[in-house]
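Contents: one structure, followed by commentary.
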Amino acid sequence: MTHAPVTIPTEPIGSIPRPAELLAAMADHAAGRIGDDELAAAQDRAVRDTVHRLEETGSPVVTDGEQAKPSFATYPLAGLDGLAPDGAVIPFADGHQRQLPRLTEGPLRYAVHAERYLRAALRHATVPVKQAVIAPSALSLLYPSEPIDGYPREAFLDDLTAGAEADIRGCLDAGAHVVQLDFTEARLALKLDPSGGLLEDFIALNNRVLERFSATERARIGVHTCPGGDQDSTHSLDVDYAALLPGLMRLKAGAFYVQLASEPEPDKVLGVLADHLPGHARVFVGVTDPIDPRVETPEQVRDRVLAAARHLPVDRLGTCDDCGFSPFADDTSTSRDTAFAKIRARVEGTALATGELIG
């Protein structure tokens, strides 16, 4: 009996910078110069090109590149009423901010599910497709500090839990290779509340959703954490990773995608991961930095993988990019060509490391 060769898996995180044609179509649609059908056609062309270019890098798993999402965080809200623009503010280190909407009335219902994006990518892909979804913890920030009349916070959390479950389950049922929860607010939670209470609330809410899935299903669900990545800036890189990771590893997921390439003390982080990685899970370590304009070489990636393998079992190790390359549609700080060059380096470098570690 022959066995398939063991390899170190490698996956993208999610977003890819949008092509100029799509950015122009988005602006024209917002200004009323083109209709929904024309925008949808431009989005589909961008998804097709993204999937094909990812496959050309040798990537064994691809995504839709979030080409049709307004942002990684707010896609479920597209077209919803009952929202005001003055919600929670996310400050970045370079001084710019992103602001979430504020819920003004209930009930909360997902207007868009990520299955839509997955099916668009599946039409064009010849390899497995993963799908990123927003973690319910991020959307919990929509609820204001003052209770909404007739819609208490607990009712909101019930609706949010149901919506998040449906978002994930729809992708699993549609054939996603893996569904990745974007939990980028995890590290930020410790900045906003150094006591750890907010982080604990986030973890409890995300587990409330994950517990609705079987062990077999959870093996296909991963969680991504990073210190944010927008316009070449972060929101929480100054927060000690060691304070986050033990709690993060209590999430009932089958995989963890952990930013590491931009981390100032990667060996310290790897030690914490080794101490707390659950027995059933795999950890994908970031080996390319989307914020750094320099394209990593395959040899640099290889060395980062080898460093990780000194701490983590090879059969529990994978690689990824630190973050998406353009999590908000208007972020053009990284070029599309640079993103694909970094991904190619990740794929080739991971293969080099596999050859050294496994043979």
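If you're wondering about the labels, chains in the structure tokens are A, B, ... by order shown, residues count from 1 in each chain, ligands from 1 in order shown.
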Distance query Lys191 (chain A) at most 10 Å, only C-alpha atoms, self and fewer than 5 positions along chain excluded, as a VMD selection string: chain A and resid 185 to 186 196 198 to 199 235 to 240
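The residues of region 87-124 of chain A that DSSP assigns to strand (DSSP E or B) on this backbone come out as A:Val89, A:Ile90, A:Pro91, A:Gln97, A:Arg98, A:Gln99, A:Arg102, A:Leu103.
Comparing the minimum interatomic distances between Gly175 (chain A) and each of A:Leu122, A:Ile90, A:Leu352, A:Ala162, counting only C-alpha atoms, we find that A:Leu122 sits nearest.
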Please provide the set of residues having any atom within 10 Å of Ala114 (chain A), restricted to only C-alpha atoms, with same-chain residues fewer than 3 positions apart removed, written as a PyMOL selection string. chain A and resi 66+69+75-76+110+117-119+131-134+166-171+179
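Here CA of Gly229 (chain A) and CA of Thr161 (chain A) stand 26.1 Å from one another.
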